[in-house]
Amino acid sequence: MVLVVAVPILFFVHLWLTVLVGAIVAATLALHYALNVRAARMSLRRETLTGQISRMLKEMLQDRGDTDVTPPDDLDERFESRSMKDCLDAEVGFRMASPNSQLVSDVAAAVAIVLILVVFGRQILTEGHGWSLLLVYVVVMRYTMAQMRGFMAGLASSNRFYHQIRRYLLFVEWSGVETKPAASSPPPRELVLRAGAEAGVMEDSWPEVTVTAGQRMTLITKRSINRYALPRLFDDLLGGADDDTRESMFSHAAVVGAKTTVPNAMAWRAALRLPVNSGLEALRPGLEATGLLDPVLAAAGSVALPDADETMPNLDTGLYIALRLLSGAARGASPIIVDRRALKKVRREHRRAVLDQLGGTVVMLTASNPNAPGTYNEDVVAVVDETGVAGLGDVAWYLEHRYEAARRLAIDESTIEAGDDMADDDDEDVE
C-alpha cells in the first residue's frame, strides 16, 4: 500500500527521471522472467535426478564395505559423471533463484542511483539548490527499489515450484472428470500426439503422429506414472488438443504403475476396476486366450469364476497385473498405460498373450531404460523429458537417436553401451 503513495511522489518530484528509472526497471523484467523460467526448470530437473543420485550414492557406500576405509578406485570418476554434474547444476540453479533475482534488482538500483546523482548533482551545481528534493527522491526511491527487490526475489522463489503446482492444479481440475458418465465422453479411438519441449525437439523427430486403437507405443521418460501425474503427461502429449479430448483420455485411461501391489481384503470388482454391471465372466475370453483361466480358478479355490463382489484372495503380483490389464481391455479403457517393470512381473509365457488381448485400445508402455523400445513391436516411441515431448518417431528412429534421448533425460550413456541387446527387457521375470 505504501508504494501507492511512494510512486506518485517520485513522479511529482521529477517526472522524466522517474520515467527513465521506470524504463530501466522494466528492462530488467526480461531478466527476471528468464531467471524464473530457469529456476522452475532446475527445480523439475532436481526432482527428476534425486532418485538416480540417491541410488548412486547408496552403491558407493555399499562398495566401500564394512571395514575398508579406502575409497573405491572409481570414486572420482563417479563424482565426475554426467548424472552427478547435472544433479549439482540443478541443485545450484534451484538454490540460487532468489539470490540471482536480488542481484538483478541490485544492479537496476545501482544504475538508478547513478542517474539520480547525475541529474540532481547537475541541478545542484548549476542552480545552487535541490538538496531537499534529492534527499526526498533518494529516500523514496530506495524504499521503492527495496520493496521491488523483495517482491521479485519472493516471486522467483515461488516460481521454482511452477511445474509442481501446475501438475497439482491439473490433477485437481481433472479429478472430477472420472465421475462423469462414460456415455458423455466415449473412449478415444485415436490420439494425435505432438512433439514440443523447452529445449526443442530431437533431430529428425516427427512433429506429430496419430496413434490409433490397436497400436502400441513406448514412452521413454523418467517421470513417475500414476493418476496424479497423468493430467500433466496427457497435456504434454496432446499439445493443443481441446479439453474434451483431454478429459476423455483421462477419464478412460487405465494405469498400471511400477509399484502396483495386490490389495488386501478387497472385492474382485474394486480391485480390478470392474464396472458395476459386469463381473469376472467378462474376462473369461481373455483369460482363456492367455492361459490364465486355470491360475485364477486355482487362486480362487473354485471350479467357476467367483462372484465379483466376493473378496479377492492374495494373488501373485504378476497374475494381478495381468488381470488389471485384461479388465481395462474388457471395459474399453483407452489408453492403457503400463510400466514395463510392472509388465515384467507377468510370467514370460503369458506376457505377450496379455498384450495381444489389448488390441482394441491404445497401449502405452513406459520405461526409463533407454534400451527398452523394440521388445514388444511398438509402432511409436516418444521421448518425454521434464518439460514436454522431446521427440516422436518409430523404433528405427529411436535406435538412431537414443544417445541424444539419454542426454535429454540425464541418463548415463554407459547404460546404453552395457545394454545393446534390445531383447533383454523380455528375457526374464521379475518377482
# chains A, B, ... in the order shown; residues from 1 in each chain; ligands from 1
call {"tool": "residues_around", "arguments": {"residues": "Leu292 in chain A", "least_positions_apart": "4", "cutoff": "8 Å", "atoms": "only C-alpha atoms", "output": "list in words"}}
result
Leu287, Glu288, Val296, Leu319 and His350 of chain A
call {"tool": "write_last_selection", "arguments": {"atoms": "all heavy atoms", "output": "mmCIF file, in the first residue's frame"}}
result
data_model
loop_
_atom_site.group_PDB
_atom_site.id
_atom_site.type_symbol
_atom_site.label_atom_id
_atom_site.label_comp_id
_atom_site.auth_asym_id
_atom_site.auth_seq_id
_atom_site.Cartn_x
_atom_site.Cartn_y
_atom_site.Cartn_z
ATOM 1 N N LEU A 287 -9.000 -64.512 -20.392
ATOM 2 C CA LEU A 287 -8.334 -65.497 -19.541
ATOM 3 C C LEU A 287 -8.057 -66.782 -20.295
ATOM 4 O O LEU A 287 -6.985 -67.389 -20.159
ATOM 5 C CB LEU A 287 -9.187 -65.778 -18.297
ATOM 6 C CG LEU A 287 -9.360 -64.613 -17.316
ATOM 7 C CD1 LEU A 287 -10.353 -64.975 -16.220
ATOM 8 C CD2 LEU A 287 -8.024 -64.229 -16.694
ATOM 9 N N GLU A 288 -9.014 -67.204 -21.095
ATOM 10 C CA GLU A 288 -8.825 -68.429 -21.869
ATOM 11 C C GLU A 288 -7.756 -68.248 -22.943
ATOM 12 O O GLU A 288 -6.924 -69.133 -23.172
ATOM 13 C CB GLU A 288 -10.148 -68.850 -22.503
ATOM 14 C CG GLU A 288 -11.202 -69.299 -21.475
ATOM 15 C CD GLU A 288 -12.536 -69.624 -22.134
ATOM 16 O OE1 GLU A 288 -12.716 -69.222 -23.321
ATOM 17 O OE2 GLU A 288 -13.387 -70.255 -21.479
ATOM 18 N N VAL A 296 -6.298 -68.451 -12.213
ATOM 19 C CA VAL A 296 -7.305 -67.676 -11.483
ATOM 20 C C VAL A 296 -8.230 -68.604 -10.704
ATOM 21 O O VAL A 296 -8.543 -68.353 -9.528
ATOM 22 C CB VAL A 296 -8.108 -66.788 -12.455
ATOM 23 C CG1 VAL A 296 -9.300 -66.149 -11.735
ATOM 24 C CG2 VAL A 296 -7.229 -65.704 -13.047
ATOM 25 N N LEU A 319 0.082 -62.143 -11.719
ATOM 26 C CA LEU A 319 -1.279 -62.517 -12.111
ATOM 27 C C LEU A 319 -2.229 -61.344 -11.913
ATOM 28 O O LEU A 319 -3.093 -61.075 -12.769
ATOM 29 C CB LEU A 319 -1.737 -63.722 -11.295
ATOM 30 C CG LEU A 319 -3.171 -64.215 -11.540
ATOM 31 C CD1 LEU A 319 -3.380 -64.577 -13.006
ATOM 32 C CD2 LEU A 319 -3.503 -65.396 -10.624
ATOM 33 N N HIS A 350 3.021 -65.732 -20.438
ATOM 34 C CA HIS A 350 1.713 -65.072 -20.560
ATOM 35 C C HIS A 350 1.832 -63.630 -21.048
ATOM 36 O O HIS A 350 0.840 -63.045 -21.487
ATOM 37 C CB HIS A 350 0.984 -65.057 -19.214
ATOM 38 C CG HIS A 350 0.772 -66.406 -18.616
ATOM 39 N ND1 HIS A 350 0.134 -67.425 -19.280
ATOM 40 C CD2 HIS A 350 1.123 -66.920 -17.399
ATOM 41 C CE1 HIS A 350 0.076 -68.503 -18.509
ATOM 42 N NE2 HIS A 350 0.685 -68.222 -17.368
#
call {"tool": "select_by_dssp", "arguments": {"residues": "range 240-382 of chain A", "states": "alpha helix (DSSP H)", "output": "number ranges by chain"}}
result
A: 243-252, 268-272, 284-290, 293-300, 317-330, 340-343, 348-356
call {"tool": "closest_residue", "arguments": {"among": "A:Gly374, A:Pro295, A:Pro231, A:Gly286", "to": "Val354 in chain A", "atoms": "only C-alpha atoms"}}
result
A:Gly286
call {"tool": "residues_around", "arguments": {"residues": "Ala333 in chain A", "least_positions_apart": "6", "cutoff": "6 Å", "atoms": "only C-alpha atoms", "output": "list of chain:residue names"}}
result
A:His252, A:Ala253, A:Ala254
call {"tool": "closest_residue", "arguments": {"among": "A:Arg41, A:Arg407, A:Arg189, A:Arg166", "to": "Thr245 in chain A", "atoms": "only C-alpha atoms"}}
result
A:Arg189
call {"tool": "select_by_dssp", "arguments": {"residues": "range 275-348 of chain A", "states": "strand (DSSP E or B)", "output": "list in words"}}
result
Thr311, Ile336, Ile337, Val338 and Asp339 of chain A
call {"tool": "closest_residue", "arguments": {"among": "A:Pro275, A:Leu315, A:Gly214, A:Met202", "to": "Ala406 in chain A", "atoms": "only C-alpha atoms"}}
result
A:Met202
call {"tool": "closest_residue", "arguments": {"among": "A:Ala199, A:Leu10, A:Leu280, A:Ile165", "to": "Ala304 in chain A", "atoms": "only C-alpha atoms"}}
result
A:Leu280
call {"tool": "closest_residue", "arguments": {"among": "A:Leu238, A:Ala322, A:Leu103, A:Ala108", "to": "Gly22 in chain A", "atoms": "only C-alpha atoms"}}
result
A:Ala108
call {"tool": "residues_around", "arguments": {"residues": "Gln164 in chain A", "least_positions_apart": "3", "cutoff": "10 Å", "atoms": "only C-alpha atoms", "output": "ChimeraX atom specification"}}
result
/A:40,43-44,47,159-161,167-170,229,232
call {"tool": "write_last_selection", "arguments": {"atoms": "all heavy atoms", "output": "mmCIF file, in the first residue's frame"}}
result
data_model
loop_
_atom_site.group_PDB
_atom_site.id
_atom_site.type_symbol
_atom_site.label_atom_id
_atom_site.label_comp_id
_atom_site.auth_asym_id
_atom_site.auth_seq_id
_atom_site.Cartn_x
_atom_site.Cartn_y
_atom_site.Cartn_z
ATOM 1 N N ALA A 40 12.451 -22.726 -12.400
ATOM 2 C CA ALA A 40 11.420 -23.762 -12.476
ATOM 3 C C ALA A 40 11.952 -25.012 -13.168
ATOM 4 O O ALA A 40 11.672 -26.141 -12.746
ATOM 5 C CB ALA A 40 10.198 -23.222 -13.222
ATOM 6 N N SER A 43 14.332 -26.812 -10.818
ATOM 7 C CA SER A 43 13.584 -27.493 -9.768
ATOM 8 C C SER A 43 13.041 -28.824 -10.266
ATOM 9 O O SER A 43 13.112 -29.851 -9.575
ATOM 10 C CB SER A 43 12.435 -26.601 -9.285
ATOM 11 O OG SER A 43 11.614 -27.293 -8.373
ATOM 12 N N LEU A 44 12.509 -28.826 -11.486
ATOM 13 C CA LEU A 44 11.964 -30.058 -12.054
ATOM 14 C C LEU A 44 13.075 -31.055 -12.346
ATOM 15 O O LEU A 44 12.935 -32.263 -12.116
ATOM 16 C CB LEU A 44 11.194 -29.727 -13.338
ATOM 17 C CG LEU A 44 10.233 -30.782 -13.865
ATOM 18 C CD1 LEU A 44 9.215 -31.164 -12.807
ATOM 19 C CD2 LEU A 44 9.530 -30.267 -15.107
ATOM 20 N N GLU A 47 14.186 -32.618 -9.136
ATOM 21 C CA GLU A 47 13.227 -33.645 -8.730
ATOM 22 C C GLU A 47 13.431 -34.938 -9.509
ATOM 23 O O GLU A 47 13.366 -36.042 -8.963
ATOM 24 C CB GLU A 47 11.808 -33.113 -8.944
ATOM 25 C CG GLU A 47 10.709 -34.115 -8.659
ATOM 26 C CD GLU A 47 9.344 -33.569 -9.033
ATOM 27 O OE1 GLU A 47 9.052 -32.416 -8.652
ATOM 28 O OE2 GLU A 47 8.592 -34.264 -9.723
ATOM 29 N N ASN A 159 8.231 -19.384 -7.958
ATOM 30 C CA ASN A 159 8.153 -19.948 -9.301
ATOM 31 C C ASN A 159 9.069 -21.144 -9.498
ATOM 32 O O ASN A 159 8.967 -21.845 -10.512
ATOM 33 C CB ASN A 159 8.474 -18.877 -10.343
ATOM 34 C CG ASN A 159 7.270 -18.005 -10.652
ATOM 35 O OD1 ASN A 159 6.132 -18.414 -10.432
ATOM 36 N ND2 ASN A 159 7.505 -16.806 -11.127
ATOM 37 N N ARG A 160 9.960 -21.407 -8.542
ATOM 38 C CA ARG A 160 10.749 -22.634 -8.617
ATOM 39 C C ARG A 160 9.832 -23.853 -8.645
ATOM 40 O O ARG A 160 10.174 -24.892 -9.215
ATOM 41 C CB ARG A 160 11.689 -22.745 -7.419
ATOM 42 C CG ARG A 160 12.794 -21.709 -7.392
ATOM 43 C CD ARG A 160 13.693 -21.927 -6.197
ATOM 44 N NE ARG A 160 12.967 -21.826 -4.932
ATOM 45 C CZ ARG A 160 13.528 -22.053 -3.742
ATOM 46 N NH1 ARG A 160 14.802 -22.388 -3.654
ATOM 47 N NH2 ARG A 160 12.813 -21.940 -2.644
ATOM 48 N N PHE A 161 8.678 -23.719 -8.043
ATOM 49 C CA PHE A 161 7.752 -24.848 -7.941
ATOM 50 C C PHE A 161 6.594 -24.722 -8.935
ATOM 51 O O PHE A 161 5.525 -25.297 -8.720
ATOM 52 C CB PHE A 161 7.212 -24.944 -6.512
ATOM 53 C CG PHE A 161 8.291 -25.043 -5.471
ATOM 54 C CD1 PHE A 161 8.672 -23.934 -4.734
ATOM 55 C CD2 PHE A 161 8.951 -26.241 -5.250
ATOM 56 C CE1 PHE A 161 9.676 -24.023 -3.780
ATOM 57 C CE2 PHE A 161 9.957 -26.344 -4.305
ATOM 58 C CZ PHE A 161 10.320 -25.223 -3.577
ATOM 59 N N ARG A 167 1.183 -29.171 -12.035
ATOM 60 C CA ARG A 167 0.806 -30.580 -12.048
ATOM 61 C C ARG A 167 -0.324 -30.846 -11.058
ATOM 62 O O ARG A 167 -1.280 -31.560 -11.362
ATOM 63 C CB ARG A 167 2.040 -31.426 -11.693
ATOM 64 C CG ARG A 167 1.825 -32.917 -11.728
ATOM 65 C CD ARG A 167 3.167 -33.622 -11.606
ATOM 66 N NE ARG A 167 3.849 -33.276 -10.366
ATOM 67 C CZ ARG A 167 5.151 -33.311 -10.210
ATOM 68 N NH1 ARG A 167 5.945 -33.652 -11.217
ATOM 69 N NH2 ARG A 167 5.700 -33.008 -9.053
ATOM 70 N N TYR A 168 -0.233 -30.242 -9.870
ATOM 71 C CA TYR A 168 -1.272 -30.437 -8.862
ATOM 72 C C TYR A 168 -2.592 -29.799 -9.299
ATOM 73 O O TYR A 168 -3.666 -30.401 -9.150
ATOM 74 C CB TYR A 168 -0.820 -29.840 -7.532
ATOM 75 C CG TYR A 168 -1.873 -29.908 -6.457
ATOM 76 C CD1 TYR A 168 -2.174 -31.103 -5.837
ATOM 77 C CD2 TYR A 168 -2.588 -28.769 -6.081
ATOM 78 C CE1 TYR A 168 -3.153 -31.174 -4.859
ATOM 79 C CE2 TYR A 168 -3.558 -28.824 -5.106
ATOM 80 C CZ TYR A 168 -3.835 -30.040 -4.496
ATOM 81 O OH TYR A 168 -4.811 -30.101 -3.539
ATOM 82 N N LEU A 169 -2.524 -28.587 -9.858
ATOM 83 C CA LEU A 169 -3.744 -27.910 -10.286
ATOM 84 C C LEU A 169 -4.427 -28.673 -11.422
ATOM 85 O O LEU A 169 -5.660 -28.749 -11.476
ATOM 86 C CB LEU A 169 -3.426 -26.477 -10.720
ATOM 87 C CG LEU A 169 -3.002 -25.519 -9.597
ATOM 88 C CD1 LEU A 169 -2.664 -24.147 -10.172
ATOM 89 C CD2 LEU A 169 -4.104 -25.403 -8.553
ATOM 90 N N LEU A 170 -3.631 -29.223 -12.345
ATOM 91 C CA LEU A 170 -4.216 -30.036 -13.409
ATOM 92 C C LEU A 170 -4.915 -31.252 -12.827
ATOM 93 O O LEU A 170 -6.004 -31.643 -13.270
ATOM 94 C CB LEU A 170 -3.138 -30.477 -14.397
ATOM 95 C CG LEU A 170 -2.695 -29.447 -15.433
ATOM 96 C CD1 LEU A 170 -1.496 -29.970 -16.212
ATOM 97 C CD2 LEU A 170 -3.833 -29.106 -16.390
ATOM 98 N N ALA A 229 0.006 -37.912 -11.847
ATOM 99 C CA ALA A 229 0.871 -37.343 -12.884
ATOM 100 C C ALA A 229 0.239 -37.372 -14.273
ATOM 101 O O ALA A 229 0.763 -36.746 -15.193
ATOM 102 C CB ALA A 229 2.206 -38.097 -12.912
ATOM 103 N N ARG A 232 -0.779 -33.881 -16.378
ATOM 104 C CA ARG A 232 0.355 -33.164 -16.984
ATOM 105 C C ARG A 232 0.932 -33.956 -18.155
ATOM 106 O O ARG A 232 1.301 -33.387 -19.184
ATOM 107 C CB ARG A 232 1.430 -32.909 -15.932
ATOM 108 C CG ARG A 232 2.664 -32.235 -16.513
ATOM 109 C CD ARG A 232 3.610 -31.791 -15.425
ATOM 110 N NE ARG A 232 4.906 -31.452 -16.008
ATOM 111 C CZ ARG A 232 5.993 -32.177 -15.885
ATOM 112 N NH1 ARG A 232 5.947 -33.307 -15.197
ATOM 113 N NH2 ARG A 232 7.119 -31.819 -16.432
#
call {"tool": "residues_around", "arguments": {"residues": "Val13 in chain A", "least_positions_apart": "2", "cutoff": "8 Å", "atoms": "only C-alpha atoms", "output": "ChimeraX atom specification"}}
result
/A:9-11,15,133,137
call {"tool": "decode", "arguments": {"residues": "range 30-59 of chain A", "atoms": "N, CA and C atoms", "output": "short mmCIF file (atom, residue, chain, number, x, y, z; two decimals), in the first residue's frame"}}
result
data_model
loop_
_atom_site.label_atom_id
_atom_site.label_comp_id
_atom_site.auth_asym_id
_atom_site.auth_seq_id
_atom_site.Cartn_x
_atom_site.Cartn_y
_atom_site.Cartn_z
N ALA A 30 12.68 -8.70 -18.22
CA ALA A 30 13.01 -9.82 -19.10
C ALA A 30 14.02 -10.75 -18.44
N LEU A 31 15.00 -10.16 -17.72
CA LEU A 31 15.97 -10.98 -16.99
C LEU A 31 15.30 -11.74 -15.85
N HIS A 32 14.40 -11.06 -15.14
CA HIS A 32 13.68 -11.73 -14.07
C HIS A 32 12.86 -12.90 -14.61
N TYR A 33 12.23 -12.69 -15.75
CA TYR A 33 11.44 -13.77 -16.36
C TYR A 33 12.32 -14.96 -16.72
N ALA A 34 13.46 -14.68 -17.34
CA ALA A 34 14.39 -15.75 -17.71
C ALA A 34 14.87 -16.51 -16.47
N LEU A 35 15.15 -15.78 -15.39
CA LEU A 35 15.59 -16.42 -14.15
C LEU A 35 14.48 -17.29 -13.56
N ASN A 36 13.24 -16.83 -13.65
CA ASN A 36 12.11 -17.61 -13.13
C ASN A 36 11.93 -18.90 -13.92
N VAL A 37 12.03 -18.80 -15.24
CA VAL A 37 11.88 -19.98 -16.09
C VAL A 37 12.99 -20.99 -15.80
N ARG A 38 14.22 -20.50 -15.68
CA ARG A 38 15.35 -21.39 -15.41
C ARG A 38 15.22 -22.03 -14.03
N ALA A 39 14.77 -21.27 -13.04
CA ALA A 39 14.61 -21.82 -11.69
C ALA A 39 13.56 -22.94 -11.68
N ALA A 40 12.45 -22.73 -12.40
CA ALA A 40 11.42 -23.76 -12.48
C ALA A 40 11.95 -25.01 -13.17
N ARG A 41 12.73 -24.81 -14.23
CA ARG A 41 13.30 -25.95 -14.95
C ARG A 41 14.31 -26.70 -14.08
N MET A 42 15.13 -25.97 -13.33
CA MET A 42 16.11 -26.61 -12.46
C MET A 42 15.43 -27.36 -11.32
N SER A 43 14.33 -26.81 -10.82
CA SER A 43 13.58 -27.49 -9.77
C SER A 43 13.04 -28.82 -10.27
N LEU A 44 12.51 -28.83 -11.49
CA LEU A 44 11.96 -30.06 -12.05
C LEU A 44 13.08 -31.06 -12.35
N ARG A 45 14.21 -30.55 -12.84
CA ARG A 45 15.34 -31.44 -13.12
C ARG A 45 15.90 -32.03 -11.82
N ARG A 46 15.94 -31.22 -10.79
CA ARG A 46 16.39 -31.69 -9.48
C ARG A 46 15.48 -32.80 -8.97
N GLU A 47 14.19 -32.62 -9.14
CA GLU A 47 13.23 -33.65 -8.73
C GLU A 47 13.43 -34.94 -9.51
N THR A 48 13.71 -34.80 -10.80
CA THR A 48 13.89 -35.97 -11.66
C THR A 48 15.15 -36.74 -11.31
N LEU A 49 16.22 -36.03 -10.95
CA LEU A 49 17.52 -36.67 -10.74
C LEU A 49 17.73 -37.17 -9.32
N THR A 50 16.89 -36.76 -8.38
CA THR A 50 17.12 -37.09 -6.98
C THR A 50 17.21 -38.59 -6.75
N GLY A 51 16.26 -39.35 -7.31
CA GLY A 51 16.26 -40.79 -7.12
C GLY A 51 17.50 -41.45 -7.70
N GLN A 52 17.89 -41.01 -8.89
CA GLN A 52 19.07 -41.58 -9.54
C GLN A 52 20.34 -41.33 -8.73
N ILE A 53 20.50 -40.12 -8.22
CA ILE A 53 21.69 -39.80 -7.43
C ILE A 53 21.67 -40.54 -6.10
N SER A 54 20.50 -40.70 -5.50
CA SER A 54 20.39 -41.44 -4.24
C SER A 54 20.86 -42.88 -4.42
N ARG A 55 20.44 -43.49 -5.54
CA ARG A 55 20.87 -44.86 -5.81
C ARG A 55 22.39 -44.91 -6.04
N MET A 56 22.93 -43.91 -6.73
CA MET A 56 24.37 -43.88 -6.99
C MET A 56 25.15 -43.77 -5.68
N LEU A 57 24.72 -42.89 -4.78
CA LEU A 57 25.40 -42.72 -3.50
C LEU A 57 25.28 -43.99 -2.66
N LYS A 58 24.12 -44.64 -2.72
CA LYS A 58 23.94 -45.89 -1.98
C LYS A 58 24.92 -46.96 -2.47
N GLU A 59 25.07 -47.06 -3.79
CA GLU A 59 26.01 -48.02 -4.35
C GLU A 59 27.44 -47.70 -3.94
#
